[in-house]
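model_13.pdb follows (PDB, C-alpha atoms, pLDDT in the B column):
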ATOM      1  CA  MET A   1     -16.372  -7.193 -10.361  1.00 72.00           C
ATOM      2  CA  PRO A   2     -15.480  -4.694 -13.086  1.00 88.00           C
ATOM      3  CA  LEU A   3     -13.083  -1.893 -12.228  1.00 95.00           C
ATOM      4  CA  SER A   4     -15.824   0.628 -12.987  1.00 95.00           C
ATOM      5  CA  ASP A   5     -18.029  -0.888 -10.252  1.00 96.00           C
ATOM      6  CA  ILE A   6     -15.258  -0.563  -7.663  1.00 97.00           C
ATOM      7  CA  LEU A   7     -14.635   3.053  -8.667  1.00 97.00           C
ATOM      8  CA  SER A   8     -18.374   3.755  -8.410  1.00 97.00           C
ATOM      9  CA  ARG A   9     -18.492   2.277  -4.904  1.00 97.00           C
ATOM     10  CA  ILE A  10     -15.503   4.391  -3.870  1.00 98.00           C
ATOM     11  CA  ARG A  11     -17.159   7.506  -5.274  1.00 98.00           C
ATOM     12  CA  ASP A  12     -20.530   6.778  -3.663  1.00 98.00           C
ATOM     13  CA  THR A  13     -19.003   5.978  -0.271  1.00 98.00           C
ATOM     14  CA  ALA A  14     -16.845   9.097  -0.327  1.00 98.00           C
ATOM     15  CA  LEU A  15     -19.785  11.306  -1.233  1.00 97.00           C
ATOM     16  CA  ASP A  16     -21.884   9.664   1.462  1.00 97.00           C
ATOM     17  CA  CYS A  17     -19.419  10.819   4.125  1.00 96.00           C
ATOM     18  CA  ASP A  18     -18.803  14.262   2.621  1.00 97.00           C
ATOM     19  CA  ARG A  19     -15.455  13.387   1.099  1.00 97.00           C
ATOM     20  CA  SER A  20     -14.229  13.797  -2.443  1.00 96.00           C
ATOM     21  CA  ALA A  21     -13.601  10.600  -4.378  1.00 95.00           C
ATOM     22  CA  ALA A  22     -10.473  12.320  -5.705  1.00 97.00           C
ATOM     23  CA  ASP A  23      -9.018  12.040  -2.200  1.00 97.00           C
ATOM     24  CA  VAL A  24      -9.164   8.224  -2.310  1.00 98.00           C
ATOM     25  CA  THR A  25      -6.582   6.382  -4.433  1.00 98.00           C
ATOM     26  CA  LEU A  26      -7.501   2.888  -5.596  1.00 98.00           C
ATOM     27  CA  ILE A  27      -4.505   0.549  -5.540  1.00 98.00           C
ATOM     28  CA  ALA A  28      -5.274  -2.499  -7.702  1.00 98.00           C
ATOM     29  CA  VAL A  29      -3.461  -5.356  -5.978  1.00 97.00           C
ATOM     30  CA  SER A  30      -2.001  -7.383  -8.833  1.00 96.00           C
ATOM     31  CA  LYS A  31       0.194  -9.798  -6.839  1.00 93.00           C
ATOM     32  CA  VAL A  32       0.259 -13.351  -8.276  1.00 92.00           C
ATOM     33  CA  GLN A  33      -2.242 -12.387 -10.958  1.00 94.00           C
ATOM     34  CA  PRO A  34      -1.529 -13.619 -14.497  1.00 93.00           C
ATOM     35  CA  ASN A  35      -0.385 -10.957 -16.925  1.00 95.00           C
ATOM     36  CA  ASP A  36      -3.521 -11.118 -19.058  1.00 95.00           C
ATOM     37  CA  ARG A  37      -5.679 -10.124 -16.097  1.00 95.00           C
ATOM     38  CA  VAL A  38      -3.336  -7.269 -15.213  1.00 97.00           C
ATOM     39  CA  ALA A  39      -3.297  -6.094 -18.839  1.00 97.00           C
ATOM     40  CA  ALA A  40      -7.109  -6.066 -18.892  1.00 96.00           C
ATOM     41  CA  VAL A  41      -7.200  -3.753 -15.863  1.00 97.00           C
ATOM     42  CA  LEU A  42      -4.526  -1.542 -17.443  1.00 97.00           C
ATOM     43  CA  ASP A  43      -6.610  -1.449 -20.623  1.00 97.00           C
ATOM     44  CA  ALA A  44      -9.561  -0.288 -18.516  1.00 96.00           C
ATOM     45  CA  GLY A  45      -7.526   2.752 -17.473  1.00 96.00           C
ATOM     46  CA  GLN A  46      -6.197   1.817 -14.036  1.00 98.00           C
ATOM     47  CA  ARG A  47      -2.659   3.098 -13.419  1.00 98.00           C
ATOM     48  CA  VAL A  48      -2.053   2.508  -9.687  1.00 98.00           C
ATOM     49  CA  PHE A  49      -1.076  -1.031  -8.710  1.00 98.00           C
ATOM     50  CA  GLY A  50       0.155  -2.856  -5.628  1.00 98.00           C
ATOM     51  CA  GLU A  51       2.595  -5.750  -5.383  1.00 98.00           C
ATOM     52  CA  ASN A  52       3.678  -7.854  -2.405  1.00 97.00           C
ATOM     53  CA  ARG A  53       7.067  -9.076  -3.573  1.00 97.00           C
ATOM     54  CA  VAL A  54       9.930  -7.146  -5.115  1.00 97.00           C
ATOM     55  CA  GLN A  55      11.086 -10.079  -7.240  1.00 96.00           C
ATOM     56  CA  GLU A  56       7.655 -10.714  -8.745  1.00 96.00           C
ATOM     57  CA  ALA A  57       7.185  -7.017  -9.488  1.00 97.00           C
ATOM     58  CA  MET A  58      10.579  -6.794 -11.168  1.00 97.00           C
ATOM     59  CA  GLY A  59       9.596  -9.577 -13.522  1.00 96.00           C
ATOM     60  CA  LYS A  60       6.300  -7.951 -14.449  1.00 96.00           C
ATOM     61  CA  TRP A  61       6.303  -4.167 -14.385  1.00 98.00           C
ATOM     62  CA  PRO A  62       9.218  -3.001 -16.558  1.00 97.00           C
ATOM     63  CA  ASP A  63       7.482  -4.553 -19.588  1.00 97.00           C
ATOM     64  CA  PHE A  64       4.068  -3.172 -18.623  1.00 98.00           C
ATOM     65  CA  ARG A  65       5.560   0.289 -18.108  1.00 97.00           C
ATOM     66  CA  ALA A  66       7.203   0.078 -21.525  1.00 97.00           C
ATOM     67  CA  THR A  67       3.802  -0.684 -23.057  1.00 97.00           C
ATOM     68  CA  TYR A  68       1.428   1.446 -20.981  1.00 97.00           C
ATOM     69  CA  GLY A  69       3.609   4.326 -19.899  1.00 94.00           C
ATOM     70  CA  ASP A  70       3.921   5.541 -16.348  1.00 90.00           C
ATOM     71  CA  VAL A  71       2.380   3.218 -13.771  1.00 97.00           C
ATOM     72  CA  ASP A  72       2.230   4.252 -10.103  1.00 98.00           C
ATOM     73  CA  LEU A  73       3.553   1.154  -8.339  1.00 98.00           C
ATOM     74  CA  HIS A  74       3.143   0.540  -4.592  1.00 98.00           C
ATOM     75  CA  LEU A  75       4.886  -2.116  -2.493  1.00 98.00           C
ATOM     76  CA  ILE A  76       2.379  -3.416   0.041  1.00 98.00           C
ATOM     77  CA  GLY A  77       4.212  -6.535   1.256  1.00 97.00           C
ATOM     78  CA  PRO A  78       6.932  -6.912   3.899  1.00 96.00           C
ATOM     79  CA  LEU A  79      10.370  -5.785   2.760  1.00 97.00           C
ATOM     80  CA  GLN A  80      13.698  -7.352   3.663  1.00 95.00           C
ATOM     81  CA  SER A  81      16.550  -4.880   3.961  1.00 94.00           C
ATOM     82  CA  ASN A  82      18.560  -6.701   1.280  1.00 96.00           C
ATOM     83  CA  LYS A  83      15.790  -5.976  -1.254  1.00 97.00           C
ATOM     84  CA  ALA A  84      15.464  -2.311  -0.304  1.00 98.00           C
ATOM     85  CA  ARG A  85      17.585  -0.948  -3.165  1.00 97.00           C
ATOM     86  CA  GLN A  86      15.577  -2.826  -5.808  1.00 98.00           C
ATOM     87  CA  ALA A  87      12.337  -1.720  -4.146  1.00 98.00           C
ATOM     88  CA  MET A  88      13.392   1.927  -4.078  1.00 98.00           C
ATOM     89  CA  GLU A  89      14.340   1.834  -7.743  1.00 97.00           C
ATOM     90  CA  LEU A  90      11.089   0.164  -8.870  1.00 98.00           C
ATOM     91  CA  PHE A  91       8.304   1.454  -6.617  1.00 98.00           C
ATOM     92  CA  ASN A  92       6.749   4.909  -6.332  1.00 98.00           C
ATOM     93  CA  ALA A  93       5.585   4.193  -2.770  1.00 98.00           C
ATOM     94  CA  ILE A  94       6.402   1.649  -0.067  1.00 98.00           C
ATOM     95  CA  HIS A  95       3.692   0.970   2.511  1.00 98.00           C
ATOM     96  CA  THR A  96       5.657  -1.341   4.795  1.00 98.00           C
ATOM     97  CA  LEU A  97       8.231   0.666   6.725  1.00 98.00           C
ATOM     98  CA  ASP A  98       7.985  -1.102  10.091  1.00 98.00           C
ATOM     99  CA  ARG A  99      11.362  -0.891  11.847  1.00 98.00           C
ATOM    100  CA  LEU A 100      14.227   1.485  12.494  1.00 98.00           C
ATOM    101  CA  ARG A 101      16.768  -0.660  10.666  1.00 97.00           C
ATOM    102  CA  LEU A 102      14.758  -0.427   7.470  1.00 98.00           C
ATOM    103  CA  ALA A 103      14.470   3.353   7.879  1.00 98.00           C
ATOM    104  CA  ASP A 104      18.264   3.510   8.236  1.00 98.00           C
ATOM    105  CA  THR A 105      18.618   1.501   5.020  1.00 98.00           C
ATOM    106  CA  PHE A 106      16.185   3.773   3.153  1.00 98.00           C
ATOM    107  CA  ALA A 107      18.045   6.864   4.339  1.00 98.00           C
ATOM    108  CA  ARG A 108      21.423   5.519   3.203  1.00 98.00           C
ATOM    109  CA  LEU A 109      20.070   4.413  -0.180  1.00 98.00           C
ATOM    110  CA  ALA A 110      18.206   7.697  -0.683  1.00 98.00           C
ATOM    111  CA  GLN A 111      21.557   9.478  -0.445  1.00 97.00           C
ATOM    112  CA  GLU A 112      23.067   7.110  -3.009  1.00 97.00           C
ATOM    113  CA  LEU A 113      20.128   7.108  -5.415  1.00 97.00           C
ATOM    114  CA  GLY A 114      19.170  10.754  -5.028  1.00 97.00           C
ATOM    115  CA  LYS A 115      15.523   9.814  -4.551  1.00 96.00           C
ATOM    116  CA  CYS A 116      13.180   7.972  -2.219  1.00 98.00           C
ATOM    117  CA  PRO A 117       9.671   6.592  -2.748  1.00 98.00           C
ATOM    118  CA  ASP A 118       6.821   7.888  -0.608  1.00 98.00           C
ATOM    119  CA  LEU A 119       6.784   5.915   2.634  1.00 98.00           C
ATOM    120  CA  PHE A 120       3.984   4.656   4.849  1.00 98.00           C
ATOM    121  CA  VAL A 121       4.685   3.237   8.309  1.00 98.00           C
ATOM    122  CA  GLN A 122       2.975  -0.128   8.716  1.00 98.00           C
ATOM    123  CA  VAL A 123       1.264  -0.540  12.078  1.00 98.00           C
ATOM    124  CA  ASN A 124       0.333  -3.916  13.536  1.00 98.00           C
ATOM    125  CA  THR A 125      -2.861  -2.554  15.114  1.00 98.00           C
ATOM    126  CA  GLY A 126      -3.896  -5.975  16.442  1.00 97.00           C
ATOM    127  CA  ALA A 127      -0.426  -6.740  17.872  1.00 97.00           C
ATOM    128  CA  GLU A 128      -0.521 -10.077  16.034  1.00 97.00           C
ATOM    129  CA  PRO A 129       2.772 -11.950  16.499  1.00 95.00           C
ATOM    130  CA  GLN A 130       2.711 -13.445  13.000  1.00 94.00           C
ATOM    131  CA  LYS A 131       2.115 -10.134  11.247  1.00 94.00           C
ATOM    132  CA  ALA A 132       4.556  -7.445  10.133  1.00 95.00           C
ATOM    133  CA  GLY A 133       4.268  -3.874  11.309  1.00 97.00           C
ATOM    134  CA  CYS A 134       5.444  -1.866  14.288  1.00 98.00           C
ATOM    135  CA  LEU A 135       3.327  -1.984  17.428  1.00 98.00           C
ATOM    136  CA  PRO A 136       0.982   0.929  18.141  1.00 98.00           C
ATOM    137  CA  ASP A 137       3.161   2.247  20.978  1.00 97.00           C
ATOM    138  CA  GLU A 138       6.180   2.335  18.633  1.00 97.00           C
ATOM    139  CA  VAL A 139       4.552   4.445  15.913  1.00 98.00           C
ATOM    140  CA  ASP A 140       5.395   7.925  17.203  1.00 98.00           C
ATOM    141  CA  SER A 141       9.088   7.138  17.726  1.00 98.00           C
ATOM    142  CA  LEU A 142       9.470   5.431  14.335  1.00 98.00           C
ATOM    143  CA  VAL A 143       7.783   8.309  12.508  1.00 98.00           C
ATOM    144  CA  ALA A 144       9.959  10.816  14.355  1.00 98.00           C
ATOM    145  CA  ALA A 145      13.134   8.850  13.611  1.00 98.00           C
ATOM    146  CA  ALA A 146      12.264   8.524   9.912  1.00 98.00           C
ATOM    147  CA  ARG A 147      11.511  12.228   9.671  1.00 98.00           C
ATOM    148  CA  ALA A 148      14.828  13.035  11.348  1.00 98.00           C
ATOM    149  CA  MET A 149      16.474  11.131   8.485  1.00 98.00           C
ATOM    150  CA  ASP A 150      14.608  13.336   5.971  1.00 97.00           C
ATOM    151  CA  LEU A 151      12.588  10.373   4.744  1.00 98.00           C
ATOM    152  CA  PRO A 152       9.288  11.212   2.978  1.00 98.00           C
ATOM    153  CA  VAL A 153       6.837   9.661   5.455  1.00 98.00           C
ATOM    154  CA  LYS A 154       3.377  10.283   3.991  1.00 98.00           C
ATOM    155  CA  GLY A 155       1.146   8.226   6.245  1.00 98.00           C
ATOM    156  CA  LEU A 156       0.350   4.987   8.049  1.00 98.00           C
ATOM    157  CA  MET A 157      -0.815   1.573   6.844  1.00 98.00           C
ATOM    158  CA  CYS A 158      -2.568  -1.326   8.580  1.00 98.00           C
ATOM    159  CA  ILE A 159      -4.123  -4.717   7.936  1.00 97.00           C
ATOM    160  CA  PRO A 160      -6.681  -5.414  10.695  1.00 97.00           C
ATOM    161  CA  PRO A 161      -6.928  -8.917  12.208  1.00 97.00           C
ATOM    162  CA  ALA A 162      -9.062 -11.171  10.028  1.00 95.00           C
ATOM    163  CA  ASP A 163     -11.208 -12.269  12.976  1.00 96.00           C
ATOM    164  CA  GLN A 164     -12.111  -8.772  14.172  1.00 96.00           C
ATOM    165  CA  GLY A 165     -14.248  -5.957  12.849  1.00 97.00           C
ATOM    166  CA  PRO A 166     -12.010  -3.520  10.971  1.00 98.00           C
ATOM    167  CA  ALA A 167     -13.605  -0.253  12.103  1.00 98.00           C
ATOM    168  CA  PRO A 168     -11.807   0.081  15.494  1.00 98.00           C
ATOM    169  CA  HIS A 169      -8.473  -0.599  13.800  1.00 98.00           C
ATOM    170  CA  PHE A 170      -9.129   1.993  11.094  1.00 98.00           C
ATOM    171  CA  ALA A 171     -10.164   4.495  13.758  1.00 98.00           C
ATOM    172  CA  MET A 172      -6.978   3.754  15.717  1.00 98.00           C
ATOM    173  CA  LEU A 173      -4.817   4.260  12.631  1.00 98.00           C
ATOM    174  CA  ALA A 174      -6.548   7.548  11.791  1.00 98.00           C
ATOM    175  CA  GLU A 175      -5.996   8.811  15.348  1.00 98.00           C
ATOM    176  CA  MET A 176      -2.290   7.869  15.264  1.00 98.00           C
ATOM    177  CA  ALA A 177      -1.849   9.566  11.889  1.00 98.00           C
ATOM    178  CA  ALA A 178      -3.547  12.760  13.075  1.00 98.00           C
ATOM    179  CA  ARG A 179      -1.411  12.787  16.216  1.00 98.00           C
ATOM    180  CA  ASN A 180       1.703  12.669  14.042  1.00 98.00           C
ATOM    181  CA  GLY A 181       0.510  15.212  11.492  1.00 98.00           C
ATOM    182  CA  LEU A 182       0.232  12.598   8.741  1.00 98.00           C
ATOM    183  CA  THR A 183      -2.500  12.770   6.106  1.00 97.00           C
ATOM    184  CA  GLY A 184      -2.018   9.417   4.352  1.00 98.00           C
ATOM    185  CA  LEU A 185      -4.056   6.405   5.499  1.00 98.00           C
ATOM    186  CA  SER A 186      -3.449   3.173   3.584  1.00 98.00           C
ATOM    187  CA  MET A 187      -6.217   0.896   4.822  1.00 98.00           C
ATOM    188  CA  GLY A 188      -9.089  -1.157   3.508  1.00 98.00           C
ATOM    189  CA  MET A 189      -9.132  -4.145   1.171  1.00 97.00           C
ATOM    190  CA  SER A 190     -11.727  -5.894  -0.992  1.00 95.00           C
ATOM    191  CA  GLY A 191     -14.010  -6.785   1.910  1.00 95.00           C
ATOM    192  CA  ASP A 192     -13.873  -3.575   3.895  1.00 97.00           C
ATOM    193  CA  PHE A 193     -12.723  -0.649   1.772  1.00 98.00           C
ATOM    194  CA  ASP A 194     -16.089   1.079   2.211  1.00 97.00           C
ATOM    195  CA  VAL A 195     -15.571   1.069   5.998  1.00 98.00           C
ATOM    196  CA  ALA A 196     -12.013   2.332   5.538  1.00 98.00           C
ATOM    197  CA  ILE A 197     -13.147   5.262   3.409  1.00 98.00           C
ATOM    198  CA  ARG A 198     -15.631   6.249   6.109  1.00 98.00           C
ATOM    199  CA  HIS A 199     -12.698   6.341   8.546  1.00 98.00           C
ATOM    200  CA  GLY A 200     -10.592   8.540   6.289  1.00 98.00           C
ATOM    201  CA  ALA A 201      -8.660   6.127   4.050  1.00 98.00           C
ATOM    202  CA  THR A 202      -6.653   7.878   1.343  1.00 98.00           C
ATOM    203  CA  HIS A 203      -5.425   4.627  -0.265  1.00 98.00           C
ATOM    204  CA  VAL A 204      -7.484   1.443  -0.510  1.00 98.00           C
ATOM    205  CA  ARG A 205      -5.844  -1.819  -1.601  1.00 98.00           C
ATOM    206  CA  VAL A 206      -8.287  -3.914  -3.627  1.00 97.00           C
ATOM    207  CA  GLY A 207      -7.285  -7.173  -5.277  1.00 96.00           C
ATOM    208  CA  SER A 208      -9.769 -10.024  -5.492  1.00 93.00           C
ATOM    209  CA  ALA A 209     -12.782  -7.744  -6.025  1.00 94.00           C
ATOM    210  CA  ILE A 210     -11.118  -6.472  -9.215  1.00 96.00           C
ATOM    211  CA  PHE A 211      -9.164  -9.470 -10.479  1.00 94.00           C
ATOM    212  CA  GLY A 212     -11.120 -12.403  -9.090  1.00 84.00           C
ATOM    213  CA  ASP A 213      -9.860 -15.104  -6.757  1.00 76.00           C
ATOM    214  CA  ARG A 214      -6.088 -15.519  -7.037  1.00 63.00           C
ATOM    215  CA  THR A 215      -6.250 -19.280  -6.597  1.00 54.00           C
ATOM    216  CA  ALA A 216      -8.368 -19.460  -9.732  1.00 47.00           C
ATOM    217  CA  ALA A 217      -5.613 -17.734 -11.645  1.00 40.00           C
ATOM    218  CA  HIS A 218      -3.349 -20.758 -11.805  1.00 40.00           C
TER     219      HIS A 218
END
Spit out the file's structure as structure tokens when you get a sec.
Amino acid sequence: MPLSDILSRIRDTALDCDRSAADVTLIAVSKVQPNDRVAAVLDAGQRVFGENRVQEAMGKWPDFRATYGDVDLHLIGPLQSNKARQAMELFNAIHTLDRLRLADTFARLAQELGKCPDLFVQVNTGAEPQKAGCLPDEVDSLVAAARAMDLPVKGLMCIPPADQGPAPHFAMLAEMAARNGLTGLSMGMSGDFDVAIRHGATHVRVGSAIFGDRTAAH
């Protein structure tokens, strides 16, 4: 689906629920996509992208940034503490803060680097054992701890269980964000970003609907 179609759907959905499309940021998820597909989306004007792995992003984005200028890069995959420095140097935002130890690492590195990307706390709204993210009852304490370290916590992120309707999970995330005075909601992917926007999403992460099926890329 062309980028313009996705942007039109975002605009129409936002207007339909009395929101401004300018309040919804489209993150084009470029993980494991070949460079020619990414370049085509850059050529179409998109400048906000999401990657799952630090190593893959490091091999891709310095060259693209040299060619296309400033690209707003978001890490949307789980982050190991030993990759935190590289992530903080490369990404404008990290959506996967999910534990106190990682917050400690960010705080220490922020002192060293003199900067810190925008941070979103990832919440495992379905309490799925195989999935990253803090549990819903841990959100308030993690947000408070990160704020006490002067970390720039902008919002919350979730990936609802694949076998459940996303709306209750988006509603839960929005309620937790409001309770903590957070305005950022990173939620919604190719199959459900319309629903996420209706529940207040400020960042939607769309990959296959823009780039096509990843498995077809190899």
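Using all atoms listed in the file, the contacts of Arg108 (chain A) at a cut-off of 12 Å, with sequence neighbours closer than 5 positions omitted, comprise Ser81, Ala84, Arg85, Met88, Arg101, Leu102, Ala103, Leu113, Gly114, Lys115, Cys116, Ala146, Met149, Asp150 and Leu151 of chain A.
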Exercise for the section: List, as a PyMOL selection string, every residue that the PyMOL selection byres ((chain A and resi 33) around 12) selects in the file provided. Expected result: chain A and resi 28-32+34-41+49-52+56-57+60+207-208+210-218
Write a file of the selected residues as an mmCIF file, in the coordinates of the input, keeping C-alpha atoms.
data_model
loop_
_atom_site.group_PDB
_atom_site.id
_atom_site.type_symbol
_atom_site.label_atom_id
_atom_site.label_comp_id
_atom_site.auth_asym_id
_atom_site.auth_seq_id
_atom_site.Cartn_x
_atom_site.Cartn_y
_atom_site.Cartn_z
ATOM 1 C CA ALA A 28 -5.274 -2.499 -7.702
ATOM 2 C CA VAL A 29 -3.461 -5.356 -5.978
ATOM 3 C CA SER A 30 -2.001 -7.383 -8.833
ATOM 4 C CA LYS A 31 0.194 -9.798 -6.839
ATOM 5 C CA VAL A 32 0.259 -13.351 -8.276
ATOM 6 C CA PRO A 34 -1.529 -13.619 -14.497
ATOM 7 C CA ASN A 35 -0.385 -10.957 -16.925
ATOM 8 C CA ASP A 36 -3.521 -11.118 -19.058
ATOM 9 C CA ARG A 37 -5.679 -10.124 -16.097
ATOM 10 C CA VAL A 38 -3.336 -7.269 -15.213
ATOM 11 C CA ALA A 39 -3.297 -6.094 -18.839
ATOM 12 C CA ALA A 40 -7.109 -6.066 -18.892
ATOM 13 C CA VAL A 41 -7.200 -3.753 -15.863
ATOM 14 C CA PHE A 49 -1.076 -1.031 -8.710
ATOM 15 C CA GLY A 50 0.155 -2.856 -5.628
ATOM 16 C CA GLU A 51 2.595 -5.750 -5.383
ATOM 17 C CA ASN A 52 3.678 -7.854 -2.405
ATOM 18 C CA GLU A 56 7.655 -10.714 -8.745
ATOM 19 C CA ALA A 57 7.185 -7.017 -9.488
ATOM 20 C CA LYS A 60 6.300 -7.951 -14.449
ATOM 21 C CA GLY A 207 -7.285 -7.173 -5.277
ATOM 22 C CA SER A 208 -9.769 -10.024 -5.492
ATOM 23 C CA ILE A 210 -11.118 -6.472 -9.215
ATOM 24 C CA PHE A 211 -9.164 -9.470 -10.479
ATOM 25 C CA GLY A 212 -11.120 -12.403 -9.090
ATOM 26 C CA ASP A 213 -9.860 -15.104 -6.757
ATOM 27 C CA ARG A 214 -6.088 -15.519 -7.037
ATOM 28 C CA THR A 215 -6.250 -19.280 -6.597
ATOM 29 C CA ALA A 216 -8.368 -19.460 -9.732
ATOM 30 C CA ALA A 217 -5.613 -17.734 -11.645
ATOM 31 C CA HIS A 218 -3.349 -20.758 -11.805
#
Exercise for the section: Check which residues satisfy the PyMOL selection byres ((chain A and resi 126) around 7) in the file shown, then give them as a ChimeraX atom specification. Expected result: /A:124-125,127-128,160-161
Handout entry: Test item: residues at most 10 Å from Leu79 (chain A), only C-alpha atoms, excluding those fewer than 5 positions along its chain, as a list in words
Key =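 Answer for this query is Asn52, Arg53, Val54, Ala84, Ala87, Ile94, His95, Thr96, Leu97, Asp98, Leu102 and Ala132 of chain A.
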Please evaluate the PyMOL selection byres ((chain A and resi 122) around 12) against the structure above and give the resulting residues as a PDB file with C-alpha atoms, keeping the file's coordinate frame.
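Contents of expr_20.pdb, as written:
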ATOM      1  CA  LEU A  75       4.886  -2.116  -2.493  1.00 98.00           C
ATOM      2  CA  ILE A  76       2.379  -3.416   0.041  1.00 98.00           C
ATOM      3  CA  GLY A  77       4.212  -6.535   1.256  1.00 97.00           C
ATOM      4  CA  PRO A  78       6.932  -6.912   3.899  1.00 96.00           C
ATOM      5  CA  LEU A  79      10.370  -5.785   2.760  1.00 97.00           C
ATOM      6  CA  ILE A  94       6.402   1.649  -0.067  1.00 98.00           C
ATOM      7  CA  HIS A  95       3.692   0.970   2.511  1.00 98.00           C
ATOM      8  CA  THR A  96       5.657  -1.341   4.795  1.00 98.00           C
ATOM      9  CA  LEU A  97       8.231   0.666   6.725  1.00 98.00           C
ATOM     10  CA  ASP A  98       7.985  -1.102  10.091  1.00 98.00           C
ATOM     11  CA  ARG A  99      11.362  -0.891  11.847  1.00 98.00           C
ATOM     12  CA  LEU A 100      14.227   1.485  12.494  1.00 98.00           C
ATOM     13  CA  LEU A 102      14.758  -0.427   7.470  1.00 98.00           C
ATOM     14  CA  LEU A 119       6.784   5.915   2.634  1.00 98.00           C
ATOM     15  CA  PHE A 120       3.984   4.656   4.849  1.00 98.00           C
ATOM     16  CA  VAL A 121       4.685   3.237   8.309  1.00 98.00           C
ATOM     17  CA  VAL A 123       1.264  -0.540  12.078  1.00 98.00           C
ATOM     18  CA  ASN A 124       0.333  -3.916  13.536  1.00 98.00           C
ATOM     19  CA  THR A 125      -2.861  -2.554  15.114  1.00 98.00           C
ATOM     20  CA  GLY A 126      -3.896  -5.975  16.442  1.00 97.00           C
ATOM     21  CA  ALA A 127      -0.426  -6.740  17.872  1.00 97.00           C
ATOM     22  CA  LYS A 131       2.115 -10.134  11.247  1.00 94.00           C
ATOM     23  CA  ALA A 132       4.556  -7.445  10.133  1.00 95.00           C
ATOM     24  CA  GLY A 133       4.268  -3.874  11.309  1.00 97.00           C
ATOM     25  CA  CYS A 134       5.444  -1.866  14.288  1.00 98.00           C
ATOM     26  CA  LEU A 135       3.327  -1.984  17.428  1.00 98.00           C
ATOM     27  CA  PRO A 136       0.982   0.929  18.141  1.00 98.00           C
ATOM     28  CA  GLU A 138       6.180   2.335  18.633  1.00 97.00           C
ATOM     29  CA  VAL A 139       4.552   4.445  15.913  1.00 98.00           C
ATOM     30  CA  ASP A 140       5.395   7.925  17.203  1.00 98.00           C
ATOM     31  CA  LEU A 142       9.470   5.431  14.335  1.00 98.00           C
ATOM     32  CA  VAL A 143       7.783   8.309  12.508  1.00 98.00           C
ATOM     33  CA  VAL A 153       6.837   9.661   5.455  1.00 98.00           C
ATOM     34  CA  LYS A 154       3.377  10.283   3.991  1.00 98.00           C
ATOM     35  CA  GLY A 155       1.146   8.226   6.245  1.00 98.00           C
ATOM     36  CA  LEU A 156       0.350   4.987   8.049  1.00 98.00           C
ATOM     37  CA  MET A 157      -0.815   1.573   6.844  1.00 98.00           C
ATOM     38  CA  CYS A 158      -2.568  -1.326   8.580  1.00 98.00           C
ATOM     39  CA  ILE A 159      -4.123  -4.717   7.936  1.00 97.00           C
ATOM     40  CA  PRO A 160      -6.681  -5.414  10.695  1.00 97.00           C
ATOM     41  CA  LEU A 173      -4.817   4.260  12.631  1.00 98.00           C
ATOM     42  CA  MET A 176      -2.290   7.869  15.264  1.00 98.00           C
ATOM     43  CA  ALA A 177      -1.849   9.566  11.889  1.00 98.00           C
ATOM     44  CA  GLY A 184      -2.018   9.417   4.352  1.00 98.00           C
ATOM     45  CA  LEU A 185      -4.056   6.405   5.499  1.00 98.00           C
ATOM     46  CA  SER A 186      -3.449   3.173   3.584  1.00 98.00           C
ATOM     47  CA  MET A 187      -6.217   0.896   4.822  1.00 98.00           C
TER      48      MET A 187
END
Because some atoms of region 59-66 of chain A are absent here, can you restore N, CA, C and O atoms and send them as a JSON list (two decimals), in the coordinates of the input?
[["chain", "number", "residue", "atom", "x", "y", "z"],
["A", 59, "GLY", "N", 9.80, -8.76, -12.34],
["A", 59, "GLY", "CA", 9.60, -9.58, -13.52],
["A", 59, "GLY", "C", 8.39, -9.17, -14.35],
["A", 59, "GLY", "O", 8.20, -9.65, -15.47],
["A", 60, "LYS", "N", 7.57, -8.29, -13.82],
["A", 60, "LYS", "CA", 6.30, -7.95, -14.45],
["A", 60, "LYS", "C", 6.22, -6.52, -14.96],
["A", 60, "LYS", "O", 5.80, -6.26, -16.09],
["A", 61, "TRP", "N", 6.66, -5.56, -14.12],
["A", 61, "TRP", "CA", 6.30, -4.17, -14.38],
["A", 61, "TRP", "C", 7.18, -3.41, -15.36],
["A", 61, "TRP", "O", 6.67, -2.50, -16.04],
["A", 62, "PRO", "N", 8.46, -3.71, -15.51],
["A", 62, "PRO", "CA", 9.22, -3.00, -16.56],
["A", 62, "PRO", "C", 8.59, -3.15, -17.95],
["A", 62, "PRO", "O", 8.48, -2.17, -18.70],
["A", 63, "ASP", "N", 8.12, -4.34, -18.28],
["A", 63, "ASP", "CA", 7.48, -4.55, -19.59],
["A", 63, "ASP", "C", 6.15, -3.81, -19.67],
["A", 63, "ASP", "O", 5.84, -3.19, -20.70],
["A", 64, "PHE", "N", 5.35, -3.88, -18.60],
["A", 64, "PHE", "CA", 4.07, -3.17, -18.62],
["A", 64, "PHE", "C", 4.29, -1.66, -18.74],
["A", 64, "PHE", "O", 3.56, -0.97, -19.45],
["A", 65, "ARG", "N", 5.29, -1.15, -18.04],
["A", 65, "ARG", "CA", 5.56, 0.29, -18.11],
["A", 65, "ARG", "C", 6.02, 0.68, -19.51],
["A", 65, "ARG", "O", 5.70, 1.77, -20.00],
["A", 66, "ALA", "N", 6.76, -0.21, -20.15],
["A", 66, "ALA", "CA", 7.20, 0.08, -21.52],
["A", 66, "ALA", "C", 6.01, 0.15, -22.48],
["A", 66, "ALA", "O", 6.00, 0.93, -23.44]]
